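Asker: Next comes the structure file structure.cif, holding mmCIF, C-alpha atoms and all ligand atoms.
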```cif
data_coords
#
loop_
_atom_site.label_atom_id
_atom_site.label_comp_id
_atom_site.auth_asym_id
_atom_site.auth_seq_id
_atom_site.Cartn_x
_atom_site.Cartn_y
_atom_site.Cartn_z
CA MET A 19 -3.20 4.70 64.87
CA PRO A 20 -2.99 2.31 67.85
CA SER A 21 -0.16 -0.17 67.31
CA LEU A 22 -2.18 -3.41 67.35
CA VAL A 23 -5.19 -2.49 65.26
CA GLY A 24 -6.49 -5.47 63.27
CA LYS A 25 -4.40 -7.94 65.32
CA SER A 26 -5.89 -10.73 67.38
CA VAL A 27 -4.22 -12.28 70.39
CA LEU A 28 -5.16 -15.50 72.16
CA LEU A 29 -4.11 -15.09 75.80
CA ILE A 30 -3.70 -18.27 77.85
CA ILE A 31 -3.67 -17.60 81.58
CA SER A 32 -2.28 -20.40 83.68
CA GLY A 33 -2.08 -20.73 87.47
CA GLY A 34 0.09 -18.27 89.34
CA ILE A 35 -0.23 -15.15 91.47
CA ALA A 36 1.02 -13.16 88.41
CA ALA A 37 -2.33 -13.88 86.73
CA TYR A 38 -3.54 -10.53 88.12
CA LYS A 39 -1.07 -8.84 85.73
CA SER A 40 -2.80 -10.56 82.83
CA LEU A 41 -5.95 -8.56 83.52
CA GLU A 42 -3.92 -5.40 82.96
CA LEU A 43 -2.40 -7.00 79.85
CA ILE A 44 -5.87 -7.62 78.38
CA ARG A 45 -6.75 -3.96 79.02
CA LEU A 46 -3.53 -2.71 77.40
CA LEU A 47 -3.88 -5.01 74.37
CA ARG A 48 -7.44 -3.81 73.77
CA LYS A 49 -6.51 -0.17 74.32
CA ASN A 50 -3.94 -0.61 71.56
CA GLY A 51 -6.51 -1.99 69.14
CA ALA A 52 -6.02 -5.77 69.46
CA SER A 53 -8.91 -8.16 69.86
CA VAL A 54 -8.27 -10.59 72.71
CA ARG A 55 -9.70 -14.02 73.40
CA CYS A 56 -8.73 -15.81 76.58
CA VAL A 57 -8.27 -19.38 77.75
CA LEU A 58 -8.09 -19.88 81.49
CA THR A 59 -6.55 -23.06 82.93
CA LYS A 60 -8.00 -24.63 86.04
CA GLY A 61 -5.09 -23.18 88.03
CA GLY A 62 -5.52 -19.79 86.38
CA SER A 63 -9.15 -19.61 87.46
CA GLU A 64 -8.00 -19.96 91.10
CA PHE A 65 -6.32 -16.56 90.76
CA VAL A 66 -8.58 -14.57 88.40
CA THR A 67 -12.26 -15.11 87.75
CA PRO A 68 -13.64 -16.01 84.31
CA LEU A 69 -16.05 -13.10 84.80
CA SER A 70 -13.34 -10.43 85.10
CA VAL A 71 -11.46 -11.93 82.12
CA ALA A 72 -14.66 -11.99 80.04
CA ALA A 73 -15.59 -8.45 81.06
CA LEU A 74 -12.17 -7.06 80.12
CA SER A 75 -11.83 -9.01 76.86
CA GLU A 76 -15.51 -8.60 75.94
CA HIS A 77 -15.51 -12.21 74.74
CA PRO A 78 -16.53 -15.46 76.39
CA VAL A 79 -13.71 -17.12 78.31
CA TYR A 80 -12.77 -20.67 77.33
CA THR A 81 -11.91 -23.05 80.12
CA ASP A 82 -12.95 -26.58 79.31
CA LEU A 83 -11.80 -28.96 76.58
CA PHE A 84 -14.84 -31.14 76.96
CA SER A 85 -17.44 -28.41 77.36
CA LEU A 86 -20.06 -28.72 74.65
CA LYS A 87 -20.74 -25.01 75.03
CA ASP A 88 -17.09 -23.93 74.59
CA GLU A 89 -16.49 -26.36 71.73
CA SER A 90 -19.64 -25.38 69.87
CA GLU A 91 -18.92 -21.66 70.27
CA MET A 92 -15.24 -21.91 69.32
CA GLY A 93 -13.49 -25.28 69.20
CA HIS A 94 -9.86 -25.61 70.33
CA ILE A 95 -8.64 -25.90 66.73
CA ARG A 96 -10.33 -22.67 65.70
CA LEU A 97 -9.14 -20.94 68.87
CA SER A 98 -5.58 -21.89 67.96
CA ARG A 99 -5.92 -20.77 64.34
CA GLU A 100 -7.74 -17.46 64.52
CA ALA A 101 -5.13 -15.50 66.47
CA ASP A 102 -2.10 -13.72 65.02
CA LEU A 103 -0.19 -14.61 68.18
CA ILE A 104 -0.75 -16.87 71.18
CA VAL A 105 0.56 -15.45 74.44
CA VAL A 106 0.86 -17.61 77.55
CA ALA A 107 1.03 -15.26 80.56
CA PRO A 108 1.65 -16.27 83.22
CA ALA A 109 3.20 -19.54 82.01
CA SER A 110 3.46 -21.89 84.97
CA ALA A 111 6.24 -24.49 85.28
CA ASN A 112 3.55 -27.13 84.78
CA LEU A 113 2.21 -25.68 81.52
CA LEU A 114 5.76 -25.10 80.18
CA SER A 115 6.52 -28.74 80.93
CA LYS A 116 3.39 -29.90 79.08
CA MET A 117 4.24 -27.68 76.11
CA ALA A 118 7.81 -28.97 75.93
CA ASN A 119 6.61 -32.57 75.99
CA GLY A 120 3.57 -32.35 73.74
CA ILE A 121 1.10 -33.15 76.47
CA ALA A 122 -2.48 -32.20 75.65
CA ASP A 123 -4.70 -32.90 78.63
CA ASP A 124 -6.73 -29.71 78.97
CA LEU A 125 -7.99 -26.91 76.74
CA ALA A 126 -4.86 -24.71 77.12
CA SER A 127 -2.30 -27.44 76.37
CA THR A 128 -4.42 -28.93 73.56
CA THR A 129 -4.88 -25.53 71.94
CA LEU A 130 -1.12 -24.93 72.14
CA LEU A 131 -0.36 -28.31 70.57
CA ALA A 132 -2.93 -27.77 67.83
CA SER A 133 -1.66 -24.29 67.03
CA ASN A 134 0.06 -23.29 63.79
CA LYS A 135 0.59 -19.74 65.04
CA PRO A 136 3.56 -18.07 66.77
CA ILE A 137 3.63 -18.59 70.54
CA MET A 138 5.08 -16.26 73.17
CA VAL A 139 5.40 -17.33 76.80
CA ALA A 140 5.98 -15.20 79.91
CA PRO A 141 7.05 -17.65 82.65
CA ALA A 142 6.21 -16.92 86.29
CA MET A 143 7.26 -19.13 89.18
CA ASN A 144 9.27 -19.41 92.37
CA PRO A 145 13.06 -18.85 91.73
CA GLU A 146 13.90 -22.43 92.76
CA MET A 147 11.37 -23.79 90.26
CA TRP A 148 12.73 -21.54 87.51
CA ALA A 149 16.32 -22.56 88.22
CA LYS A 150 15.61 -26.33 88.30
CA PRO A 151 17.32 -28.28 85.50
CA ALA A 152 13.96 -29.73 84.50
CA THR A 153 12.46 -26.26 83.91
CA GLN A 154 15.58 -25.03 82.12
CA ARG A 155 15.55 -28.15 79.90
CA ASN A 156 11.93 -27.42 79.03
CA ILE A 157 12.74 -23.78 78.26
CA ASP A 158 15.62 -24.89 75.99
CA THR A 159 13.33 -27.33 74.20
CA LEU A 160 10.66 -24.66 73.71
CA ARG A 161 13.24 -22.17 72.38
CA LYS A 162 14.43 -24.82 69.89
CA ASP A 163 10.80 -25.44 68.92
CA GLY A 164 10.51 -21.77 67.99
CA VAL A 165 8.56 -20.58 71.04
CA TYR A 166 9.41 -16.98 71.94
CA ILE A 167 10.32 -16.78 75.65
CA VAL A 168 9.99 -13.50 77.53
CA ASP A 169 12.37 -14.19 80.42
CA PRO A 170 11.12 -13.63 83.96
CA ALA A 171 12.50 -10.77 86.02
CA HIS A 172 14.59 -10.78 89.20
CA GLY A 173 12.96 -9.49 92.39
CA GLU A 174 10.96 -10.22 95.44
CA MET A 175 8.35 -12.91 94.97
CA ALA A 176 4.85 -13.14 96.41
CA CYS A 177 6.09 -16.08 98.51
CA GLY A 178 8.64 -13.80 100.20
CA GLU A 179 11.72 -15.29 98.47
CA THR A 180 13.94 -13.21 96.22
CA GLY A 181 15.40 -14.31 92.88
CA ARG A 182 14.55 -14.74 89.18
CA GLY A 183 11.02 -15.92 88.49
CA ARG A 184 8.69 -12.90 88.63
CA MET A 185 6.62 -12.45 85.49
CA ILE A 186 7.61 -9.21 83.79
CA GLU A 187 5.12 -6.34 83.94
CA ALA A 188 2.11 -6.12 81.60
CA THR A 189 3.56 -3.02 79.88
CA GLU A 190 6.76 -4.96 79.09
CA ILE A 191 4.82 -7.95 77.72
CA LEU A 192 2.81 -5.51 75.60
CA GLN A 193 6.06 -4.04 74.24
CA SER A 194 7.33 -7.55 73.35
CA ILE A 195 4.03 -8.29 71.58
CA GLU A 196 4.21 -5.01 69.65
CA ASN A 197 7.81 -5.70 68.61
CA PHE A 198 6.96 -9.25 67.60
CA LEU A 199 3.89 -8.30 65.55
CA GLU A 200 5.65 -5.30 63.98
CA ALA A 201 8.35 -7.66 62.72
CA SER A 202 5.62 -9.88 61.25
CA SER A 203 3.83 -7.01 59.48
CA PRO A 204 5.22 -7.31 55.95
CA LEU A 205 3.27 -4.32 54.60
CA SER A 206 4.22 -1.99 57.43
CA GLY A 207 5.08 1.40 55.85
CA PHE A 208 2.91 0.71 52.76
CA SER A 209 -0.28 2.61 52.00
CA ALA A 210 -3.22 1.03 50.22
CA LEU A 211 -6.41 2.38 48.66
CA VAL A 212 -9.34 -0.04 48.41
CA THR A 213 -12.75 0.56 46.84
CA SER A 214 -15.71 -1.57 47.84
CA GLY A 215 -19.47 -1.96 47.52
CA PRO A 216 -21.89 -0.60 44.93
CA THR A 217 -22.55 2.96 43.90
CA TYR A 218 -26.03 4.48 43.96
CA GLU A 219 -26.82 6.81 41.08
CA PRO A 220 -29.83 9.06 41.70
CA ILE A 221 -32.84 9.01 39.39
CA ASP A 222 -34.51 11.72 41.46
CA PRO A 223 -34.11 12.73 45.16
CA VAL A 224 -35.70 9.48 46.40
CA ARG A 225 -34.88 6.85 43.76
CA PHE A 226 -31.58 5.48 42.62
CA ILE A 227 -29.98 2.84 40.39
CA GLY A 228 -27.75 0.47 42.31
CA ASN A 229 -26.41 -3.07 42.03
CA ARG A 230 -26.12 -6.24 44.10
CA SER A 231 -22.56 -5.75 45.39
CA SER A 232 -22.44 -6.44 49.15
CA GLY A 233 -18.93 -5.04 49.72
CA LYS A 234 -17.91 -8.28 51.47
CA GLN A 235 -14.93 -8.92 49.19
CA GLY A 236 -13.61 -5.33 49.19
CA HIS A 237 -13.99 -5.00 52.95
CA ALA A 238 -12.22 -8.34 53.49
CA ILE A 239 -9.32 -7.11 51.34
CA ALA A 240 -9.09 -3.84 53.32
CA THR A 241 -9.02 -5.86 56.56
CA ALA A 242 -6.36 -8.29 55.27
CA LEU A 243 -4.15 -5.42 54.08
CA ALA A 244 -4.46 -3.70 57.48
CA ARG A 245 -3.61 -6.96 59.23
CA ALA A 246 -0.46 -7.20 57.13
CA GLY A 247 0.52 -3.77 58.44
CA ALA A 248 -0.55 -1.49 55.55
CA THR A 249 -2.16 1.89 56.19
CA VAL A 250 -5.46 1.43 54.42
CA THR A 251 -8.02 3.91 53.07
CA LEU A 252 -11.28 2.21 52.15
CA VAL A 253 -13.69 4.12 49.92
CA THR A 254 -17.01 2.34 50.10
CA GLY A 255 -20.41 2.71 48.54
CA PRO A 256 -23.55 1.99 50.60
CA VAL A 257 -23.20 -1.41 52.33
CA SER A 258 -24.61 -2.94 55.49
CA LEU A 259 -21.19 -3.98 56.82
CA PRO A 260 -19.40 -2.40 59.78
CA ASP A 261 -16.30 -0.34 58.97
CA PRO A 262 -13.26 -2.63 59.20
CA VAL A 263 -11.24 -2.10 62.38
CA GLY A 264 -8.11 -0.01 61.85
CA VAL A 265 -9.04 1.11 58.36
CA GLN A 266 -9.79 4.73 57.45
CA THR A 267 -13.22 4.34 55.85
CA ILE A 268 -14.79 6.97 53.61
CA HIS A 269 -18.47 6.54 52.78
CA VAL A 270 -19.73 7.67 49.39
CA GLU A 271 -22.84 7.08 47.30
CA THR A 272 -22.19 7.95 43.69
CA ALA A 273 -19.38 7.12 41.26
CA HIS A 274 -18.42 10.81 41.18
CA GLU A 275 -18.07 10.88 44.96
CA MET A 276 -16.06 7.64 44.84
CA ARG A 277 -13.74 9.07 42.19
CA ASP A 278 -13.16 12.26 44.22
CA ALA A 279 -12.45 10.31 47.41
CA CYS A 280 -10.04 7.99 45.55
CA LEU A 281 -8.14 10.80 43.87
CA ASN A 282 -7.86 12.52 47.26
CA ALA A 283 -6.37 9.34 48.72
CA LEU A 284 -3.48 9.36 46.20
CA PRO A 285 -0.53 8.98 46.35
CA SER A 286 -0.78 5.43 47.60
CA ASP A 287 1.56 2.45 47.17
CA LEU A 288 -1.15 0.15 45.94
CA ALA A 289 -4.80 0.28 44.91
CA VAL A 290 -7.38 -2.48 44.83
CA CYS A 291 -10.60 -1.47 43.06
CA ALA A 292 -13.20 -3.99 44.19
CA ALA A 293 -16.20 -1.65 44.01
CA ALA A 294 -18.99 -2.35 41.55
CA VAL A 295 -19.14 1.16 40.15
CA ALA A 296 -22.18 1.97 38.03
CA ASP A 297 -21.16 2.41 34.42
CA TRP A 298 -23.86 4.98 33.78
CA ARG A 299 -25.75 7.62 35.71
CA VAL A 300 -28.91 9.53 34.92
CA LYS A 301 -27.79 12.62 33.03
CA ALA A 302 -29.89 15.25 34.77
CA PRO A 303 -31.80 13.91 37.80
CA PRO A 304 -34.70 16.29 38.54
CA GLU A 305 -34.61 18.35 41.72
CA HIS A 306 -37.99 16.98 42.84
CA LYS A 307 -39.47 13.51 43.01
CA MET A 308 -40.86 12.37 39.66
CA LYS A 309 -44.61 11.91 39.92
CA LYS A 310 -46.65 9.16 38.35
CA GLN A 311 -49.35 10.85 36.28
CA ALA A 312 -52.54 8.89 35.61
CA GLY A 313 -52.53 7.66 32.05
CA SER A 314 -49.05 9.03 31.17
CA ALA A 315 -46.19 6.92 29.80
CA PRO A 316 -43.35 5.87 32.17
CA PRO A 317 -40.48 8.39 32.10
CA ALA A 318 -37.53 7.71 29.80
CA LEU A 319 -34.18 7.82 31.60
CA ASN A 320 -31.40 9.57 29.76
CA PHE A 321 -28.00 8.09 30.77
CA THR A 322 -24.48 9.37 30.56
CA GLU A 323 -21.22 7.53 31.27
CA ASN A 324 -19.57 7.56 34.71
CA PRO A 325 -15.85 8.13 35.17
CA ASP A 326 -13.83 4.90 35.17
CA ILE A 327 -12.04 5.16 38.52
CA LEU A 328 -9.75 2.16 37.93
CA ALA A 329 -8.60 3.59 34.58
CA MET A 330 -8.09 7.04 36.15
CA ILE A 331 -5.98 5.61 38.97
CA SER A 332 -3.98 3.52 36.46
CA SER A 333 -3.05 6.56 34.37
CA HIS A 334 -2.70 9.06 37.22
CA GLN A 335 0.55 10.97 37.68
CA ASN A 336 0.64 9.56 41.23
CA ARG A 337 -0.09 6.05 39.99
CA PRO A 338 0.29 3.40 42.71
CA LYS A 339 3.05 0.88 41.99
CA LEU A 340 0.50 -1.91 41.86
CA VAL A 341 -3.08 -1.34 40.64
CA ILE A 342 -5.54 -4.23 40.90
CA GLY A 343 -9.04 -4.31 39.43
CA PHE A 344 -11.92 -6.76 39.52
CA ALA A 345 -13.97 -8.14 36.68
CA ALA A 346 -17.32 -9.75 37.29
CA GLU A 347 -18.48 -11.23 34.01
CA THR A 348 -21.38 -13.42 33.01
CA GLU A 349 -19.38 -15.06 30.20
CA ASN A 350 -15.73 -15.62 29.16
CA ALA A 351 -14.39 -14.11 32.39
CA ARG A 352 -10.73 -14.89 31.58
CA THR A 353 -10.71 -13.35 28.12
CA ALA A 354 -12.68 -10.34 29.32
CA ALA A 355 -10.23 -9.88 32.21
CA GLN A 356 -7.18 -9.99 29.94
CA GLU A 357 -8.77 -7.44 27.64
CA LYS A 358 -9.80 -5.26 30.64
CA LEU A 359 -6.26 -5.34 32.03
CA ILE A 360 -4.93 -3.73 28.85
CA ARG A 361 -7.85 -1.33 28.32
CA LYS A 362 -7.81 0.04 31.87
CA GLY A 363 -4.01 0.00 32.25
CA CYS A 364 -4.03 -1.84 35.57
CA ASP A 365 -1.57 -4.56 36.60
CA TRP A 366 -3.72 -7.40 37.86
CA ILE A 367 -7.37 -8.32 37.51
CA ILE A 368 -9.29 -10.63 39.82
CA ALA A 369 -11.84 -12.19 37.52
CA ASN A 370 -14.94 -14.16 38.36
CA GLN A 371 -17.80 -15.51 36.39
CA VAL A 372 -20.94 -14.21 38.05
CA GLY A 373 -23.77 -16.72 38.29
CA ILE A 374 -21.87 -19.54 36.60
CA THR A 375 -19.52 -20.55 39.38
CA GLU A 376 -20.67 -22.87 42.13
CA PHE A 377 -21.59 -19.83 44.22
CA PRO A 378 -23.79 -16.81 43.55
CA VAL A 379 -20.96 -14.28 43.94
CA PHE A 380 -22.97 -11.19 44.86
CA GLY A 381 -23.77 -11.17 48.57
CA SER A 382 -22.29 -14.64 49.06
CA ASP A 383 -19.54 -15.39 51.58
CA HIS A 384 -17.62 -17.34 48.93
CA ASN A 385 -15.90 -16.57 45.68
CA GLN A 386 -14.11 -18.46 42.94
CA VAL A 387 -11.67 -16.26 41.09
CA THR A 388 -8.82 -16.20 38.58
CA LEU A 389 -5.86 -13.91 39.13
CA VAL A 390 -4.94 -12.47 35.73
CA THR A 391 -1.68 -10.57 35.22
CA ARG A 392 0.01 -9.73 31.93
CA SER A 393 1.90 -13.00 32.10
CA ILE A 394 -0.25 -15.50 33.99
CA CYS A 395 -3.81 -16.67 34.61
CA ASP A 396 -4.01 -18.42 37.97
CA ASP A 397 -7.29 -20.17 38.82
CA TRP A 398 -7.91 -20.23 42.57
CA PRO A 399 -10.14 -22.86 44.15
CA PRO A 400 -13.50 -21.90 45.68
CA LEU A 401 -12.66 -19.95 48.85
CA SER A 402 -14.35 -17.78 51.41
CA LYS A 403 -14.07 -14.08 50.62
CA GLN A 404 -11.71 -13.74 53.61
CA GLU A 405 -9.49 -16.47 52.16
CA VAL A 406 -9.50 -14.77 48.73
CA ALA A 407 -8.44 -11.56 50.52
CA THR A 408 -5.64 -13.30 52.44
CA ARG A 409 -4.40 -15.04 49.30
CA LEU A 410 -4.45 -11.79 47.36
CA VAL A 411 -2.50 -10.01 50.10
CA ASP A 412 0.03 -12.88 50.13
CA ALA A 413 0.39 -12.46 46.35
CA ILE A 414 0.91 -8.71 46.82
CA ILE A 415 3.56 -9.33 49.50
CA ASN A 416 5.36 -11.86 47.24
CA HIS A 417 5.24 -9.42 44.34
CA ILE A 418 6.70 -6.61 46.44
CA LYS A 419 9.41 -8.93 47.82
CA ASN A 420 10.33 -10.29 44.39
CA THR A 421 10.34 -7.02 42.48
CA GLY A 422 11.77 -4.72 45.19
CA SER A 423 10.41 -1.20 45.32
CA ASP A 424 13.09 0.41 43.13
CA GLN A 425 12.89 -2.26 40.41
CA ASN A 426 9.19 -1.73 40.06
CA ASP A 427 9.31 0.75 37.24
CA ASN A 428 9.24 -0.56 33.73
CA ALA A 429 11.01 2.09 31.62
CA ALA A 430 8.59 1.79 28.70
CA THR A 431 5.29 2.04 30.53
CA GLY A 432 6.11 3.43 33.94
CA HIS A 433 4.14 0.43 35.20
CA PRO A 434 5.36 -2.22 37.60
CA ASN A 435 7.40 -5.11 36.34
CA PHE A 436 5.03 -7.95 35.49
CA SER A 437 7.53 -10.75 35.18
CA THR A 438 6.87 -12.05 38.68
CA ALA A 439 4.62 -15.05 38.88
CA VAL A 440 2.48 -14.85 41.98
O1 LIG B 501 -15.62 -2.26 33.30
P1 LIG B 501 -15.97 -3.05 34.51
O2 LIG B 501 -17.03 -2.38 35.35
O3 LIG B 501 -16.26 -4.48 34.29
O4 LIG B 501 -14.62 -3.04 35.36
C1 LIG B 501 -14.54 -3.55 36.64
C2 LIG B 501 -13.36 -2.95 37.38
O5 LIG B 501 -13.28 -1.55 37.11
C3 LIG B 501 -13.53 -3.06 38.88
O6 LIG B 501 -12.24 -3.12 39.44
C4 LIG B 501 -14.23 -1.75 39.25
O7 LIG B 501 -13.97 -1.39 40.58
C5 LIG B 501 -13.59 -0.78 38.26
N1 LIG B 501 -14.46 0.30 37.82
C6 LIG B 501 -14.19 1.59 38.20
N2 LIG B 501 -14.96 2.63 37.74
C7 LIG B 501 -15.99 2.40 36.91
C8 LIG B 501 -16.29 1.08 36.50
C9 LIG B 501 -15.52 0.06 36.98
O8 LIG B 501 -13.26 1.81 38.97
N3 LIG B 501 -16.73 3.41 36.48
#
```
In structure tokens, how does this file's structure come out?
Answerer:
Amino acid sequence: MPSLVGKSVLLIISGGIAAYKSLELIRLLRKNGASVRCVLTKGGSEFVTPLSVAALSEHPVYTDLFSLKDESEMGHIRLSREADLIVVAPASANLLSKMANGIADDLASTTLLASNKPIMVAPAMNPEMWAKPATQRNIDTLRKDGVYIVDPAHGEMACGETGRGRMIEATEILQSIENFLEASSPLSGFSALVTSGPTYEPIDPVRFIGNRSSGKQGHAIATALARAGATVTLVTGPVSLPDPVGVQTIHVETAHEMRDACLNALPSDLAVCAAAVADWRVKAPPEHKMKKQAGSAPPALNFTENPDILAMISSHQNRPKLVIGFAAETENARTAAQEKLIRKGCDWIIANQVGITEFPVFGSDHNQVTLVTRSICDDWPPLSKQEVATRLVDAIINHIKNTGSDQNDNAATGHPNFSTAV
């Protein structure tokens, strides 16, 4: 899998002849699976055109702090928050100086000041400018502030002088980004199985029984796990969502197909069963479409029970170390979740009360859930489904950190240790 799948980079291009290398950097980042948004300073746009940056990144380019269009599409706060990493390349002496001193007088510097994300800078300037005490003071300040500096290289400059100041090559910046993001991928090396969406159970070749699950929550969890570095297999019923980037997605229709795909995906380090699997299927769907006969009674459907995939995964010989289920209930969600946890043999349940919370859960972009483990019930506030996914993945990361992989086994049950509060 490409190294940067699921990662997003905000690239700030400031003024300098090295800006041409940033075009190659955008291409390399995208080739490796990252999504790239770009901010171009006024100086930067003297060296590369917004059009070439937009064409390569396949996103609009942001240039102006006070542009109604830029701000309404993606304000500077959102720009600074949505990336996994902000890369300033080339970083001019001027922009470094603004960053070191907290100056926010254009879109690039304001975005950098507003950011709560890691920042990497690749300086590029004339050797005299790089060597000046003022620049070195700024670099020291930025290092102390936690900014990651990719030092410039020694060589011949565009201005004809020789010395240290050349921006390193795009391939080397890419390598630094990969190393940086690898180190911040806490689930790197972990595999995860996620189920999502509804199942469709045939009544006859053209009709089926389904449910209102949109798959939004399950897909968001698969994406968040992939972003945290896990290798994710998503088994999804029929949904109208695109396959998440960087996730191996298997499309199924029925509960039987979902079960087979899930069992094939084992062993896996963790499983999150967010699919709304039909409890029953029609026992013997006819080979041909059932016909309405004038004057005859409607057909009676004879149901039989579907396999419980969550329970099967929980008792499987290749049981994941952490198995998480969902429980959508119309009443007493907490109690039902606690009971479900025991009955299905999973470790955590994400419970929600369908139709009673502030939001209609099915199809909505929001969710209000309670995380139920064998020792705690933690009510989360109303959140977007993406935020629920991020919070769940944080809880998983904490759990793994606190239990350690070899302490996970409880001698009595073979199940993970539940003592960790998340
Ligand atoms: O029993 P109930 O359908 O409420 O349980 C919900 C949880 O069990 C969800 O995590 C769902 O994905 C899982 N499930 C399953 N297979 C079934 C029914 C539910 O994996 N046949």
Asker: Compare A:Asp365, A:Glu305, A:Glu100, A:Glu42 by their minimum atom-to-atom distance to Leu328 in chain A, counting all atoms listed in the file, and give me the closest one.
Answerer: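 Closest residue, counting all atoms listed in the file: A:Asp365.
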Asker: Step by step, measure atom-to-atom distances between ligand LIG 501 (chain B) and each residue using all atoms listed in the file, keep those at most 7 Å, then write them as a count of residues only.
Answerer: 20
Asker: Pick the closest to Leu252 in chain A from A:Ser110, A:Met138, A:Ala283, A:His274: which is it, counting all atoms listed in the file?
Answerer: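 So, comparing all the options, the nearest one is A:Ala283.
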Asker: From the options A:Glu146, A:Glu219, A:Asp163, A:Asp82, which residue's atoms come nearest to Asp123 in chain A, counting only C-alpha atoms?
Answerer: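 Residue with the minimum atom-to-atom distance to Asp123 in chain A: A:Asp82.
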Asker: Please identify all polymer residues within 12 Å of range 152-162 of chain A, counting only C-alpha atoms, omitting same-chain residues fewer than 5 positions from it, and present them as an MDAnalysis selection string.
Answerer: chainID A and resid 109:120 130 136:147 167:170 183
Asker: Between CA of Arg352 in chain A and CA of His384 in chain A, measure the distance and give it in Å to one decimal.
Answerer: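 Between CA of Arg352 in chain A and CA of His384 in chain A the gap is 18.8 Å.
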Asker: Could you check which of A:Met185, A:Lys60, A:His77, A:Ser127 is closest to Ile35 in chain A, using only C-alpha atoms?
Answerer: A:Met185
Asker: For CA of Arg299 in chain A and CA of Met330 in chain A, determine how far apart the two atoms are, in Å to one decimal place.
Answerer: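 Calculated distance between CA of Arg299 in chain A and CA of Met330 in chain A is 17.7 Å.
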Asker: For CA of Ser21 in chain A and CA of Gly51 in chain A, determine how far apart the two atoms are, in Å to one decimal place.
Answerer: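 Distance reported for this atom pair: 6.9 Å.
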Asker: List the neighbours of Ser382 in chain A out to 9 Å using all atoms listed in the file; skip same-chain residues closer than 5 positions along the sequence, and give me the result as a PyMOL selection string.
Answerer: chain A and resi 232+234+377+402-403
Asker: Leu340 in chain A: which residues within 7 Å, counting all atoms listed in the file, same-chain residues fewer than 4 positions away excluded, as an MDAnalysis selection string?
Answerer: chainID A and resid 287:289 365 434
Asker: Determine, counting only C-alpha atoms, which protein, DNA and RNA residues have an atom within 12 Å of an atom of Asp397 in chain A; residues of the same chain fewer than 6 positions away are not included. Present the result as JSON, numbers by chain.
Answerer: {"A": [351, 352, 367, 368, 369, 370, 371, 385, 386, 387, 388, 389, 390, 391, 406, 440]}
Asker: Could you check the closest approach to Asp102 in chain A for each of A:Ile44, A:Val23, A:Leu83, A:Ile121 and tell me which residue wins, using all atoms listed in the file?
Answerer: A:Val23
Asker: Calculated over all atoms listed in the file, which of the candidates A:Asp278, A:Glu64, A:Glu179, A:Glu271 has the smallest distance to Tyr218 in chain A?
Answerer: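 Closest to Tyr218 in chain A of all the choices is A:Glu271.
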